[in-house]
$ cat start-v7.cif   # mmCIF, C-alpha atoms
data_entry
loop_
_atom_site.label_atom_id
_atom_site.label_comp_id
_atom_site.auth_asym_id
_atom_site.auth_seq_id
_atom_site.Cartn_x
_atom_site.Cartn_y
_atom_site.Cartn_z
CA MET U 27 10.72 -4.21 2.01
CA PHE U 28 10.40 -7.80 3.19
CA ARG U 29 11.97 -10.51 1.00
CA ASP U 30 10.29 -11.75 -2.13
CA GLN U 31 10.85 -15.37 -1.19
CA LYS U 32 7.93 -17.72 -0.91
CA CYS U 33 7.70 -20.73 1.40
CA LYS U 34 9.53 -23.81 0.13
CA ILE U 35 6.49 -26.06 0.62
CA GLU U 36 4.89 -26.83 -2.72
CA GLY U 37 1.65 -24.92 -3.24
CA CYS U 38 2.31 -22.50 -0.37
CA HIS U 39 2.47 -18.92 -1.64
CA THR U 40 3.12 -17.33 1.74
CA TYR U 41 6.23 -15.23 2.17
CA ALA U 42 9.06 -17.03 3.95
CA LEU U 43 10.26 -15.87 7.35
CA PRO U 44 13.39 -13.69 7.46
CA GLY U 45 16.43 -15.93 7.11
CA SER U 46 14.33 -19.05 6.53
CA GLN U 47 13.03 -21.01 3.56
CA TYR U 48 9.67 -21.64 5.20
CA CYS U 49 6.74 -19.51 6.24
CA TYR U 50 5.67 -19.37 9.88
CA HIS U 51 2.88 -21.90 9.35
CA HIS U 52 5.26 -24.49 7.87
CA SER U 53 8.09 -23.78 10.24
CA THR U 54 9.07 -26.42 12.80
CA GLU U 55 10.23 -23.89 15.40
CA LYS U 56 7.13 -21.76 15.75
CA GLU U 57 7.60 -20.88 19.41
CA LYS U 58 11.21 -19.82 18.96
CA ILE U 59 10.37 -17.69 15.93
CA LEU U 60 7.41 -16.02 17.59
CA SER U 61 9.47 -15.33 20.66
CA ALA U 62 12.23 -13.72 18.54
CA PHE U 63 9.65 -11.54 16.81
CA THR U 64 7.98 -10.45 20.03
CA LYS U 65 11.34 -9.74 21.66
CA LYS U 66 12.29 -7.46 18.77
CA MET U 67 8.94 -5.72 18.94
CA THR U 68 8.65 -5.32 22.70
CA GLU U 69 12.28 -4.77 23.72
CA GLU U 70 14.14 -3.34 20.74
CA LYS U 71 10.96 -1.50 19.68
CA PHE U 72 12.00 -1.66 16.05
CA ILE U 73 11.09 -4.03 13.26
CA SER U 74 11.47 -3.66 9.50
CA ASP U 75 11.61 -5.73 6.32
CA SER U 76 10.09 -8.74 8.07
CA SER U 77 7.21 -11.06 7.34
CA ILE U 78 5.26 -13.34 9.62
CA VAL U 79 1.86 -14.62 8.55
CA ASP U 80 -0.84 -16.35 10.62
CA ALA U 81 0.82 -15.74 14.00
CA GLU U 82 -0.86 -14.96 17.33
CA PHE U 83 0.19 -12.11 19.59
CA ASP U 84 -1.46 -11.98 23.00
CA SER U 85 -1.25 -9.27 25.67
CA LEU U 86 1.93 -7.63 24.40
CA ASP U 87 3.16 -4.09 24.79
CA PHE U 88 4.16 -2.71 21.38
CA SER U 89 3.90 0.91 22.53
CA SER U 90 6.34 3.32 20.85
CA LEU U 91 7.26 0.56 18.40
CA VAL U 92 8.71 1.67 15.07
CA MET U 93 7.59 -0.69 12.37
CA HIS U 94 7.97 -0.44 8.63
CA ASP U 95 7.98 -2.41 5.37
CA SER U 96 6.66 -5.53 7.08
CA ASN U 97 3.99 -8.14 6.56
CA PHE U 98 1.71 -9.34 9.39
CA ALA U 99 -1.17 -10.63 7.27
CA PHE U 100 -3.68 -13.09 8.77
CA CYS U 101 -2.30 -12.53 12.30
CA TYR U 102 -4.29 -12.44 15.53
CA PHE U 103 -3.64 -9.61 17.99
CA ARG U 104 -5.39 -9.86 21.33
CA SER U 105 -5.05 -7.17 24.02
CA CYS U 106 -1.95 -5.66 22.40
CA THR U 107 -1.05 -2.01 22.72
CA PHE U 108 0.45 -0.06 19.84
CA ASP U 109 0.15 3.31 21.60
CA ARG U 110 2.48 5.97 20.16
CA ALA U 111 3.74 3.45 17.58
CA THR U 112 5.02 4.58 14.19
CA LEU U 113 3.84 2.31 11.40
CA SER U 114 4.72 2.78 7.76
CA SER U 115 4.04 0.36 4.88
CA VAL U 116 2.97 -2.42 7.23
CA PHE U 117 0.52 -5.04 5.94
CA PHE U 118 -2.01 -6.28 8.53
CA ASP U 119 -4.50 -7.50 5.92
CA TYR U 120 -7.07 -10.08 7.10
CA SER U 121 -5.75 -9.88 10.67
CA VAL U 122 -7.89 -9.83 13.80
CA PHE U 123 -7.51 -7.11 16.42
CA GLU U 124 -9.38 -7.66 19.67
CA HIS U 125 -9.09 -5.23 22.59
CA CYS U 126 -6.08 -3.53 20.95
CA THR U 127 -5.09 0.11 21.28
CA PHE U 128 -3.36 2.38 18.78
CA ARG U 129 -3.65 5.66 20.75
CA ASP U 130 -1.57 8.60 19.50
CA ALA U 131 -0.01 6.40 16.84
CA ASP U 132 1.44 7.56 13.54
CA ILE U 133 0.15 5.21 10.84
CA ARG U 134 0.95 5.86 7.18
CA TYR U 135 0.65 3.80 4.00
CA THR U 136 -0.45 0.83 6.07
CA VAL U 137 -2.94 -1.89 5.18
CA PHE U 138 -5.67 -3.26 7.48
CA SER U 139 -7.86 -4.40 4.60
CA GLY U 140 -10.11 -7.38 5.37
CA ALA U 141 -9.30 -7.15 9.08
CA ASN U 142 -11.68 -7.73 11.97
CA ILE U 143 -11.32 -4.99 14.55
CA MET U 144 -13.28 -5.31 17.79
CA PHE U 145 -13.23 -3.35 21.06
CA SER U 146 -10.21 -1.40 19.84
CA ASP U 147 -9.05 2.18 20.16
CA PHE U 148 -7.32 4.25 17.45
CA SER U 149 -8.00 7.61 19.12
CA GLY U 150 -5.76 10.64 18.74
CA SER U 151 -3.79 9.07 15.89
CA THR U 152 -2.54 10.17 12.51
CA ILE U 153 -3.83 7.50 10.14
CA ILE U 154 -3.22 8.75 6.64
CA HIS U 155 -3.14 6.95 3.28
CA THR U 156 -4.17 3.79 5.08
CA ASN U 157 -6.19 0.96 3.60
CA PHE U 158 -9.18 -0.24 5.69
CA MET U 159 -11.14 -1.67 2.75
CA GLY U 160 -13.54 -4.45 3.66
CA ILE U 161 -12.84 -4.31 7.40
CA ASP U 162 -15.39 -5.25 10.04
CA THR U 163 -15.37 -3.08 13.13
CA TYR U 164 -17.39 -3.41 16.32
CA LYS U 165 -17.22 -1.12 19.34
CA THR U 166 -14.11 0.60 18.05
CA THR U 167 -13.12 4.24 18.15
CA PHE U 168 -11.13 6.45 15.79
CA GLU U 169 -11.91 9.60 17.82
CA SER U 170 -9.75 12.69 17.28
CA SER U 171 -7.77 11.03 14.49
CA ASP U 172 -6.59 12.37 11.16
CA LEU U 173 -7.89 9.92 8.54
CA TYR U 174 -6.82 11.87 5.47
CA PHE U 175 -7.06 9.79 2.26
CA SER U 176 -7.73 6.56 4.17
CA ASN U 177 -10.08 4.07 2.59
CA PHE U 178 -12.97 2.37 4.43
CA SER U 179 -14.90 1.35 1.33
CA LEU U 180 -16.93 -1.88 1.50
CA SER U 181 -16.33 -2.05 5.23
CA LYS U 182 -18.89 -2.88 7.91
CA LEU U 183 -18.69 -0.36 10.73
CA ILE U 184 -20.86 -1.11 13.74
CA GLU U 185 -20.89 1.02 16.89
CA THR U 186 -17.77 2.77 15.74
CA SER U 187 -16.89 6.35 16.53
CA PHE U 188 -15.39 8.85 14.09
CA GLU U 189 -15.97 11.87 16.34
CA ASP U 190 -13.73 14.91 15.93
CA CYS U 191 -11.82 13.34 13.00
CA ASN U 192 -10.35 14.84 9.89
CA LEU U 193 -12.20 13.00 7.11
CA LYS U 194 -10.86 14.94 4.13
CA ARG U 195 -10.75 12.54 1.18
CA THR U 196 -11.58 9.60 3.47
CA ASN U 197 -13.45 7.00 1.46
CA PHE U 198 -16.56 5.29 2.92
CA ARG U 199 -17.91 4.19 -0.46
CA SER U 200 -20.43 1.32 -0.07
CA ALA U 201 -19.62 0.91 3.63
CA ILE U 202 -22.30 -0.46 5.93
CA ILE U 203 -22.56 2.04 8.75
CA ARG U 204 -24.61 1.30 11.88
CA ALA U 205 -24.57 3.31 15.10
CA VAL U 206 -21.60 5.33 13.89
CA SER U 207 -20.98 8.87 15.07
CA PHE U 208 -19.33 11.55 12.93
CA LYS U 209 -19.95 14.34 15.48
CA TYR U 210 -17.54 17.30 15.18
CA SER U 211 -15.95 15.73 12.07
CA ASN U 212 -16.16 16.80 8.44
CA PRO U 213 -18.04 14.00 6.64
CA GLU U 214 -18.93 16.48 3.88
CA GLU U 215 -15.31 16.23 2.73
CA ALA U 216 -15.38 12.42 2.76
CA PHE U 217 -16.75 10.16 0.02
CA PHE U 218 -19.80 8.08 0.76
CA LYS U 219 -21.06 7.32 -2.74
CA LYS U 220 -19.44 6.22 -5.91
CA GLY U 221 -17.77 9.17 -7.49
CA ILE U 222 -14.58 10.84 -8.47
CA ILE U 223 -12.14 10.69 -5.60
CA ARG U 224 -9.52 13.08 -6.85
CA MET C 26 15.72 -3.29 -1.47
CA LYS C 27 13.84 -0.50 0.27
CA ILE C 28 10.81 1.41 -0.96
CA HIS C 29 10.42 5.00 0.21
CA THR C 30 7.01 6.58 -0.39
CA ILE C 31 7.20 10.29 -1.02
CA LEU C 32 3.93 12.19 -1.34
CA SER C 33 4.07 15.07 -3.76
CA SER C 34 2.17 17.80 -1.96
CA LYS C 35 1.88 19.73 -5.23
CA HIS C 36 -0.15 17.09 -7.10
CA LEU C 37 -1.03 14.66 -4.25
CA VAL C 38 0.75 11.90 -6.16
CA ASN C 39 2.70 9.05 -4.56
CA GLN C 40 6.26 8.92 -5.80
CA TYR C 41 8.33 5.90 -4.85
CA LEU C 42 12.06 5.77 -4.43
CA ILE C 43 13.45 2.25 -4.80
CA GLU C 44 16.74 1.99 -2.95
CA GLU C 45 19.19 -0.84 -3.54
CA GLU C 46 21.31 -0.52 -0.42
CA ASN C 47 24.20 -2.81 -1.44
CA GLU C 48 24.82 -1.06 -4.74
CA LYS C 49 23.78 2.36 -3.40
CA LEU C 50 21.57 3.05 -6.37
CA GLY C 51 18.12 4.51 -6.58
CA ILE C 52 15.20 4.38 -8.99
CA LEU C 53 12.35 6.86 -8.82
CA VAL C 54 8.84 5.80 -9.82
CA ASP C 55 7.11 8.90 -11.27
CA CYS C 56 8.44 12.38 -10.79
CA SER C 57 5.62 14.62 -9.70
CA SER C 58 7.69 17.22 -7.90
CA VAL C 59 11.18 17.57 -6.56
CA ASP C 60 11.26 18.80 -2.99
CA ASN C 61 13.54 18.66 0.04
CA GLN C 62 12.06 15.37 1.19
CA LEU C 63 13.02 13.66 -2.07
CA ILE C 64 16.46 15.24 -2.30
CA SER C 65 17.32 14.39 1.30
CA ARG C 66 16.38 10.77 0.64
CA ILE C 67 18.81 10.65 -2.30
CA GLU C 68 21.72 12.82 -1.30
CA GLY C 69 24.66 10.96 0.20
CA LYS C 70 22.71 7.70 0.24
CA MET C 71 22.37 6.63 -3.35
CA ASN C 72 23.07 7.40 -6.96
CA LEU C 73 19.79 8.08 -8.76
CA VAL C 74 20.18 6.09 -11.97
CA GLY C 75 16.65 5.61 -13.26
CA VAL C 76 13.17 7.07 -13.39
CA LEU C 77 10.18 4.86 -14.25
CA ILE C 78 7.23 6.84 -15.59
CA THR C 79 3.84 5.15 -15.18
CA HIS C 80 2.18 7.58 -17.61
CA SER C 81 2.82 11.06 -18.89
CA HIS C 82 0.02 13.03 -17.21
CA LEU C 83 1.46 16.25 -15.83
CA ALA C 84 0.85 15.26 -12.20
CA HIS C 85 3.23 12.33 -12.64
CA VAL C 86 6.01 14.01 -14.64
CA ASP C 87 5.92 17.65 -13.57
CA GLY C 88 9.14 17.37 -11.59
CA LEU C 89 11.26 15.89 -14.39
CA GLY C 90 12.65 19.27 -15.52
CA THR C 91 13.81 20.13 -12.00
CA LEU C 92 15.15 16.61 -11.44
CA PHE C 93 17.35 16.89 -14.54
CA LYS C 94 18.88 20.11 -13.24
CA ILE C 95 20.32 18.04 -10.39
CA TYR C 96 20.68 14.44 -11.60
CA SER C 97 21.08 12.61 -14.91
CA PRO C 98 19.07 9.40 -14.60
CA THR C 99 17.77 7.34 -17.50
CA VAL C 100 14.04 7.81 -17.92
CA TYR C 101 11.95 4.77 -18.87
CA ALA C 102 8.43 5.26 -20.22
CA TYR C 103 6.09 4.18 -23.00
CA ARG C 104 6.83 7.36 -24.93
CA ASP C 105 10.29 8.25 -26.20
CA LYS C 106 10.08 11.88 -25.09
CA ILE C 107 8.30 13.46 -22.11
CA GLU C 108 8.45 17.13 -21.16
CA GLY C 109 11.31 17.52 -23.68
CA ILE C 110 13.36 14.78 -22.00
CA GLU C 111 14.52 11.75 -23.97
CA CYS C 112 13.18 8.46 -22.62
CA LYS C 113 13.97 4.82 -23.25
CA ALA C 114 10.71 3.57 -24.70
CA LEU C 115 9.30 0.39 -23.20
CA ARG C 116 6.67 -1.95 -24.59
CA ASP C 117 4.51 -4.60 -22.97
CA GLU C 118 6.49 -7.34 -21.21
CA ASP C 119 9.83 -5.61 -21.82
CA GLU C 120 12.31 -6.49 -19.11
CA ILE C 121 15.13 -4.25 -18.01
CA SER C 122 17.80 -4.51 -15.35
CA ILE C 123 19.07 -1.56 -13.39
CA GLY C 124 21.94 -2.81 -11.26
CA SER C 125 20.64 -5.99 -9.69
CA ILE C 126 17.02 -4.80 -9.86
CA LYS C 127 14.95 -6.53 -12.52
CA ILE C 128 11.94 -4.65 -13.80
CA LYS C 129 9.12 -5.86 -16.03
CA ALA C 130 6.89 -3.41 -17.89
CA LEU C 131 3.18 -4.19 -18.19
CA HIS C 132 1.46 -1.94 -20.71
CA ILE C 133 -2.17 -1.41 -19.68
CA PRO C 134 -3.74 1.40 -21.71
CA GLY C 135 -7.03 2.97 -20.65
CA HIS C 136 -6.43 5.78 -18.18
CA SER C 137 -4.08 7.03 -20.89
CA ILE C 138 -2.60 5.29 -23.90
CA ASP C 139 0.87 5.18 -22.36
CA CYS C 140 0.08 3.62 -18.96
CA ILE C 141 2.72 1.18 -17.79
CA SER C 142 2.73 -0.78 -14.54
CA TYR C 143 6.17 -1.86 -13.34
CA LEU C 144 6.71 -5.22 -11.68
CA VAL C 145 9.75 -5.23 -9.39
CA ASP C 146 10.15 -8.45 -7.39
CA ASN C 147 6.90 -8.87 -5.44
CA ILE C 148 5.80 -5.27 -5.94
CA VAL C 149 3.81 -3.73 -8.75
CA PHE C 150 3.75 0.03 -9.23
CA THR C 151 0.43 0.66 -10.93
CA GLY C 152 0.32 4.44 -11.35
CA ASP C 153 -3.30 5.46 -11.95
CA THR C 154 -4.35 2.18 -13.56
CA LEU C 155 -5.21 0.34 -10.34
CA GLU C 156 -5.60 2.02 -6.97
CA SER C 157 -6.86 0.62 -3.70
CA GLY C 158 -10.58 0.15 -4.31
CA SER C 159 -10.83 1.81 -7.69
CA ILE C 160 -9.46 1.98 -11.21
CA GLY C 161 -8.23 5.00 -13.12
CA MET C 162 -10.57 7.46 -14.78
CA THR C 163 -11.06 7.01 -18.49
CA GLU C 164 -12.36 9.23 -21.27
CA SER C 165 -14.57 6.64 -22.92
CA LEU C 166 -16.27 3.31 -22.28
CA ILE C 167 -13.91 1.64 -24.76
CA SER C 168 -10.89 2.90 -22.81
CA LYS C 169 -12.47 1.65 -19.60
CA GLU C 170 -13.09 -1.81 -21.04
CA LEU C 171 -9.55 -1.89 -22.39
CA MET C 172 -8.16 -1.02 -18.97
CA ILE C 173 -10.35 -3.52 -17.10
CA ASP C 174 -9.28 -6.22 -19.56
CA GLY C 175 -5.63 -5.27 -19.04
CA ILE C 176 -5.99 -5.34 -15.24
CA ARG C 177 -7.61 -8.79 -15.39
CA LYS C 178 -5.08 -10.27 -17.77
CA LYS C 179 -1.87 -8.65 -16.55
CA LEU C 180 -2.33 -7.68 -12.88
CA PHE C 181 -4.92 -10.07 -11.48
CA VAL C 182 -2.89 -13.02 -12.77
CA LEU C 183 -0.01 -12.06 -10.47
CA ASP C 184 0.40 -13.88 -7.17
CA ASP C 185 -2.28 -12.85 -4.64
CA ASN C 186 0.43 -11.68 -2.24
CA THR C 187 1.93 -9.21 -4.73
CA LEU C 188 2.07 -5.75 -3.20
CA ILE C 189 0.47 -2.84 -5.03
CA PHE C 190 1.92 0.65 -4.76
CA PRO C 191 -0.42 2.99 -6.65
CA GLY C 192 -0.04 6.56 -7.86
CA HIS C 193 -2.68 7.79 -5.43
CA GLY C 194 -3.89 6.59 -2.04
CA SER C 195 -2.92 3.65 0.10
CA PRO C 196 -0.98 0.50 -0.81
CA SER C 197 -2.72 -2.81 -1.33
CA LYS C 198 -2.26 -6.39 -2.47
CA ILE C 199 -3.61 -8.23 -5.49
CA ARG C 200 -5.77 -10.43 -3.21
CA ILE C 201 -7.35 -7.34 -1.63
CA GLU C 202 -8.15 -5.76 -4.98
CA LYS C 203 -9.69 -8.98 -6.29
CA MET C 204 -11.97 -9.02 -3.24
CA PHE C 205 -12.75 -5.37 -2.62
CA ASN C 206 -12.09 -3.29 -5.73
CA GLN C 207 -15.57 -1.99 -6.44
CA ASP C 208 -14.90 -0.87 -9.99
CA MET C 209 -13.61 -4.32 -10.89
CA LEU C 210 -16.45 -6.04 -9.02
CA GLU C 211 -19.02 -3.86 -10.80
CA ALA C 212 -17.41 -4.59 -14.16
CA GLU C 213 -17.59 -8.29 -13.41
CA ALA C 214 -21.25 -8.05 -12.35
CA THR C 215 -22.07 -6.12 -15.53
CA SER C 216 -20.34 -8.66 -17.75
CA PHE C 217 -22.46 -11.45 -16.21
CA SER C 218 -25.80 -9.59 -16.36
#

$ encode --input "start-v7.cif" --output "structure tokens"
Amino acid sequence: MFRDQKCKIEGCHTYALPGSQYCYHHSTEKEKILSAFTKKMTEEKFISDSSIVDAEFDSLDFSSLVMHDSNFAFCYFRSCTFDRATLSSVFFDYSVFEHCTFRDADIRYTVFSGANIMFSDFSGSTIIHTNFMGIDTYKTTFESSDLYFSNFSLSKLIETSFEDCNLKRTNFRSAIIRAVSFKYSNPEEAFFKKGIIR
Amino acid sequence: MKIHTILSSKHLVNQYLIEEENEKLGILVDCSSVDNQLISRIEGKMNLVGVLITHSHLAHVDGLGTLFKIYSPTVYAYRDKIEGIECKALRDEDEISIGSIKIKALHIPGHSIDCISYLVDNIVFTGDTLESGSIGMTESLISKELMIDGIRKKLFVLDDNTLIFPGHGSPSKIRIEKMFNQDMLEAEATSFS
């Protein structure tokens, strides 16, 4: 897991960057740090135990990336591809994903809670035990994905497709759902109202 | 420190294996079942020295008997005996050290009388007390109030960036639960109405 060290700046509770005393926001070498992160993610295709908060990633190829135990909260991903990526215990809470793809990805125990996801594609993926609470989606697809035990409660899903998905134990409690398709899926095994979820 | 999440397919419970790589020691959080996945994570990689029990419901302790046929860890729990196995009893705010890992027990009764959440660095293992989006089931309104009060006073006072690893479902953070946990939001709305 990423280090339990907070930024040295007084009043800043953000996790510090790996090997640094400061968070990304308070770092003086933002470009260098971001470039090191993107190099690891695009070339080495492996990242773990790292934390970077409030960073922007634009038009990057993270396909087949293996990523675990990391924190990317409050980040901005624009036109990034995570196709065939393997994500485990990664925190993307309150991040923005615009025109991103996660096709055929393996996503487990990951957190997207509070995120804004627009024009993105999660089709054909295994997305289990993943936290989507309070997300906003627009023109996004989860088609042909396994969403077992994932949690979309209190989310706002607009023009989003859940066609041909496994929705066993998927939680949509109090979600706002507009122009959403569940065709060929099993919404009867999902939770839409308050109730016992196990 | 690494956290390995191991889903018990028998009870659909999340078990967590805390690995301290430098000291090659491991601590298991809950022992729902012992299967090949768990054993292969331990064998040759670490010495399993401790088991932290979040509460003694069968789904969270069913594997203890099997585990003790293979390993001899110290079991920490609220009770002093679970499934016939001696435990080191912990009380609220007790702090223990296992190797270099410091653990703080937070006793939050409600789901059961013996519910303990364990704070390890920036991670809190909440068992069934607090899950992503919900709180544990209770047998009475008094138990529910007790649990909600405990969550407010002992978990929601932690730093917003504290990670939550619950007994069921997906991980979370304290900030997320403060914003989106419907059971807690409903309880708050009720208390103001």

$ interface_residues --input "start-v7.cif" --of "chain C" --to "chain U" --cutoff "8 Å" --atoms "all atoms listed in the file" --output "ChimeraX atom specification"
/C:26-28,146-147,157-158,184,186,194-197,201,205

$ residues_around --input "start-v7.cif" --residues "Thr30 (chain C)" --least-positions-apart "4" --cutoff "9 Å" --atoms "only C-alpha atoms" --output "VMD selection string"
(chain U and resid 115 135) or (chain C and resid 39 to 43 190)

$ resolve_selection --input "start-v7.cif" --expression "the PyMOL selection byres ((chain U and resi 148) around 12)" --output "PyMOL selection string"
chain U and resi 107-111+123+125-133+143-147+149-153+163+165-173+186-189+191

$ write_last_selection --input "start-v7.cif" --atoms "C-alpha atoms" --output "PDB file, keeping the file's coordinate frame"
ATOM      1  CA  THR U 107      -1.050  -2.010  22.720  1.00  0.00           C
ATOM      2  CA  PHE U 108       0.450  -0.060  19.840  1.00  0.00           C
ATOM      3  CA  ASP U 109       0.150   3.310  21.600  1.00  0.00           C
ATOM      4  CA  ARG U 110       2.480   5.970  20.160  1.00  0.00           C
ATOM      5  CA  ALA U 111       3.740   3.450  17.580  1.00  0.00           C
ATOM      6  CA  PHE U 123      -7.510  -7.110  16.420  1.00  0.00           C
ATOM      7  CA  HIS U 125      -9.090  -5.230  22.590  1.00  0.00           C
ATOM      8  CA  CYS U 126      -6.080  -3.530  20.950  1.00  0.00           C
ATOM      9  CA  THR U 127      -5.090   0.110  21.280  1.00  0.00           C
ATOM     10  CA  PHE U 128      -3.360   2.380  18.780  1.00  0.00           C
ATOM     11  CA  ARG U 129      -3.650   5.660  20.750  1.00  0.00           C
ATOM     12  CA  ASP U 130      -1.570   8.600  19.500  1.00  0.00           C
ATOM     13  CA  ALA U 131      -0.010   6.400  16.840  1.00  0.00           C
ATOM     14  CA  ASP U 132       1.440   7.560  13.540  1.00  0.00           C
ATOM     15  CA  ILE U 133       0.150   5.210  10.840  1.00  0.00           C
ATOM     16  CA  ILE U 143     -11.320  -4.990  14.550  1.00  0.00           C
ATOM     17  CA  MET U 144     -13.280  -5.310  17.790  1.00  0.00           C
ATOM     18  CA  PHE U 145     -13.230  -3.350  21.060  1.00  0.00           C
ATOM     19  CA  SER U 146     -10.210  -1.400  19.840  1.00  0.00           C
ATOM     20  CA  ASP U 147      -9.050   2.180  20.160  1.00  0.00           C
ATOM     21  CA  SER U 149      -8.000   7.610  19.120  1.00  0.00           C
ATOM     22  CA  GLY U 150      -5.760  10.640  18.740  1.00  0.00           C
ATOM     23  CA  SER U 151      -3.790   9.070  15.890  1.00  0.00           C
ATOM     24  CA  THR U 152      -2.540  10.170  12.510  1.00  0.00           C
ATOM     25  CA  ILE U 153      -3.830   7.500  10.140  1.00  0.00           C
ATOM     26  CA  THR U 163     -15.370  -3.080  13.130  1.00  0.00           C
ATOM     27  CA  LYS U 165     -17.220  -1.120  19.340  1.00  0.00           C
ATOM     28  CA  THR U 166     -14.110   0.600  18.050  1.00  0.00           C
ATOM     29  CA  THR U 167     -13.120   4.240  18.150  1.00  0.00           C
ATOM     30  CA  PHE U 168     -11.130   6.450  15.790  1.00  0.00           C
ATOM     31  CA  GLU U 169     -11.910   9.600  17.820  1.00  0.00           C
ATOM     32  CA  SER U 170      -9.750  12.690  17.280  1.00  0.00           C
ATOM     33  CA  SER U 171      -7.770  11.030  14.490  1.00  0.00           C
ATOM     34  CA  ASP U 172      -6.590  12.370  11.160  1.00  0.00           C
ATOM     35  CA  LEU U 173      -7.890   9.920   8.540  1.00  0.00           C
ATOM     36  CA  THR U 186     -17.770   2.770  15.740  1.00  0.00           C
ATOM     37  CA  SER U 187     -16.890   6.350  16.530  1.00  0.00           C
ATOM     38  CA  PHE U 188     -15.390   8.850  14.090  1.00  0.00           C
ATOM     39  CA  GLU U 189     -15.970  11.870  16.340  1.00  0.00           C
ATOM     40  CA  CYS U 191     -11.820  13.340  13.000  1.00  0.00           C
TER      41      CYS U 191
END

$ closest_residue --input "start-v7.cif" --among "U:Ser90, U:Ser85, U:Ser53, U:Ser46" --to "Glu69 (chain U)" --atoms "all atoms listed in the file"
U:Ser90

$ closest_residue --input "start-v7.cif" --among "U:His52, U:Lys209, U:His94, U:Lys194" --to "Asp80 (chain U)" --atoms "only C-alpha atoms"
U:His52

$ resolve_selection --input "start-v7.cif" --expression "the PyMOL selection byres ((chain U and resi 70) around 12)" --output "PyMOL selection string"
chain U and resi 62-69+71-74+87-93

$ atom_distance --input "start-v7.cif" --atom1 "CA of Asp105 (chain C)" --atom2 "CA of Ile138 (chain C)"
13.4 Å

$ residues_around --input "start-v7.cif" --residues "Leu144 (chain C)" --least-positions-apart "6" --cutoff "8 Å" --atoms "only C-alpha atoms" --output "ChimeraX atom specification"
/C:128-131,150

$ write_last_selection --input "start-v7.cif" --atoms "C-alpha atoms" --output "compact mmCIF listing (two decimals), keeping the file's coordinate frame"
# COMPACT_ATOMS: atom_id res chain seq x y z
CA ILE C 128 11.94 -4.65 -13.80
CA LYS C 129 9.12 -5.86 -16.03
CA ALA C 130 6.89 -3.41 -17.89
CA LEU C 131 3.18 -4.19 -18.19
CA PHE C 150 3.75 0.03 -9.23

$ closest_residue --input "start-v7.cif" --among "C:Lys203, C:His136, C:His36, C:Lys198" --to "Leu83 (chain C)" --atoms "all atoms listed in the file"
C:His36

$ residues_around --input "start-v7.cif" --residues "Val59 (chain C)" --least-positions-apart "5" --cutoff "9 Å" --atoms "all atoms listed in the file" --output "PyMOL selection string"
chain C and resi 33+64+87-89+91-92

$ resolve_selection --input "start-v7.cif" --expression "the PyMOL selection byres ((chain C and resi 172-183) around 7)" --output "number ranges by chain"
C: 131, 133-135, 168-171, 184-185, 187, 199

$ closest_residue --input "start-v7.cif" --among "C:Ser81, C:Gln62, C:Ser122, C:Ser159" --to "Gln207 (chain C)" --atoms "all atoms listed in the file"
C:Ser159

$ closest_residue --input "start-v7.cif" --among "C:Ser137, C:Ser65, C:Leu210, C:Gly109" --to "Ile167 (chain C)" --atoms "all atoms listed in the file"
C:Ser137

$ atom_distance --input "start-v7.cif" --atom1 "CA of Phe217 (chain U)" --atom2 "CA of Ala212 (chain C)"
20.5 Å

$ atom_distance --input "start-v7.cif" --atom1 "CA of Gly69 (chain C)" --atom2 "CA of Glu44 (chain C)"
12.4 Å
